[in-house]
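What follows is a single structure, written as structure tokens, with notes after it.
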Amino acid sequence: MQSGDRTKLKTGQRPHQLQTKTLKEGDTLFKEGSFGKEVYLVQEGKVGVYKDSPEGTVELAAVEKGGIIGEMSLLDNQPRSATIRAIEESSVIVINEQVFYSSLKKAPGWLNSIIKIIVSRLRDTNIRLDYSSLRDHEHGLISLMMLLLPENKYQYESTIALGYETIIIEAYYVCRLKKKEIINILLGLEKREIVTIEEDDKGEKHICIRDLEVLKLFFEYLTLKSQHKEFQEIKIPPDAVAILSNIAYIAQKSGIETAEGTALSKTAFLEDMSEKDTDKLEKMLLDLRRRNLINIMPEGNDYNILFKPQTLSRIKKINDWLPRFEMDVK
């Protein structure tokens with residue numbers, strides 16, 4: 001026996017022994033709301049992270065070999081934020097409080113502080129979000145479609161499309177949605193006319209996206225809705241939108257393209273709008289600048305009205321599509 005080992009025996013100190021715990025499929029490692037002083041390292045298998053919600057239990061994630069669970073409760077002494085249950089037969093290494101903090105002492109003090117701050121912020125984020133986005137299956141499915149588009153989109157009858165079965169399969173594994181739920185969401189998108197579901201001669205179905213920008217706007221709408229917010233563009237009064245439309249129309253004749261956007265001489269704009277009240281037009285231009293819809297820059301003895309045509313397109317699409325976004329399709 002080496003002298004170091006004899007010293008540990010005499011002082012009562014023992015080398016820390018890590019325990020391994022085996023879980024059968026369906027076994028619960030710990031429950032949401034319980035207290036615990038252990039961190040777990042998944043050694044084999046896969047465990048699920050589950051959260052209770054008003055609609056029932058939601059699976060937040062699946063943690064596989066090498067993943068760590070339970071660290072938040074150990075660091076901030078708060079109840080477990082989720083339930084951990086074995087998806088398949090698994091084994092986890094149990095790292096108790098003594099082992100964990102013994103190892104943490106070897107790290108610099110500033111690192112310890114950073115870890116605790118991060119955990120605190122994660123707790124606060126979970127509370128603020130109230131897991132609304134996880135409960136919103138429609139939001140989750142559209143988010144998945146947006147992620148799949150770059151690598152999986154194709155042309156079907158001159159329209160951008162995604163494979164119907166691809167969405168069904170991916171949504172099941174990624175979003176944990178049942179096939180019936182996925183179909184209902186897709187039918188809702190079709191009723192809003194955001195997508196169409198087409199079937200070819202071979203019986204294969206395709207999700208055709210008529211306008212990709214509209215799909216993106218609907219995703220943005222759902223995100224804002226989950227945050228109890230709305231499009232800022234709907235607050236722009238119709239007369240301001242009308243003036244912006246006039247600027248875009250006149251710029252097609254007299255404007256020039258620049259790195260900052262389309263530039264239109266202020267004099268050319270006022271001359272083309274000569275039948276309108278000039279003082280009122282000046283005030284409306286200042287209002288558009290205040291709303292960050294245009295910029296007004298000096299150019300020699302005149303001024304240039306700078307704007308981006310896509311800004312007007314976005315405003316019009318939001319106004320046109322918002323009633324359909326808000327439709328109850330259930």
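Identifiers in this document derive from the order of the structure tokens: chains are assigned A, B, ..., residues are numbered from 1 separately in each chain, and ligands are numbered from 1 in order of occurrence.
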
**OP:** Write out as JSON, numbers by chain each polymer residue whose atoms come within 7 Å of region 254-268 of chain A, counting only C-alpha atoms; drop sequence neighbours fewer than 4 positions from it.
**Re:** {"A": [250, 272, 302, 303, 304, 305, 306, 307, 308]}

Subject >> Selected residue of minimal separation from Lys216 (chain A) among A:Met327, A:Ile194, A:Ala171, A:Leu162, counting only C-alpha atoms >> reply: A:Ile194

Original post:
Which one of A:Arg291, A:Arg192, A:Lys225, A:Lys153 sits closest to Ala240 (chain A) if you count only C-alpha atoms?
Top reply: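 When distances to Ala240 (chain A) are compared using only C-alpha atoms, the smallest one comes from A:Arg291.
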
**OP:** Using only C-alpha atoms, determine which residues lie at most 12 Å from Gly66 (chain A), disregarding the query and same-chain residues fewer than 3 positions distant; provide the list as a PyMOL selection string.
**Re:** chain A and resi 40-47+62-63+69+90-93

Original post:
For Asp287 (chain A), which of A:Asp239, A:Asp211, A:Lys51, A:Glu138 is the closest residue, counting only C-alpha atoms?
Top reply: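 Of A:Asp239, A:Asp211, A:Lys51, A:Glu138, the one nearest Asp287 (chain A) is A:Asp239, counting only C-alpha atoms.
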
**OP:** May I ask for the distance between CA of Val49 (chain A) and CA of Ala82 (chain A), given in Å to one decimal place?
**Re:**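 Atom-to-atom, CA of Val49 (chain A) to CA of Ala82 (chain A), that is 6.3 Å.
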
**OP:** Could you check which of A:Lys316, A:Arg210, A:Lys179, A:Lys65 is closest to Ile160 (chain A), using only C-alpha atoms?
**Re:**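 The shortest atom-to-atom distance to Ile160 (chain A) comes from A:Arg210.
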
Subject >> Separation of CA of Cys208 (chain A) from CA of Glu190 (chain A) in Å >> reply: 9.5 Å
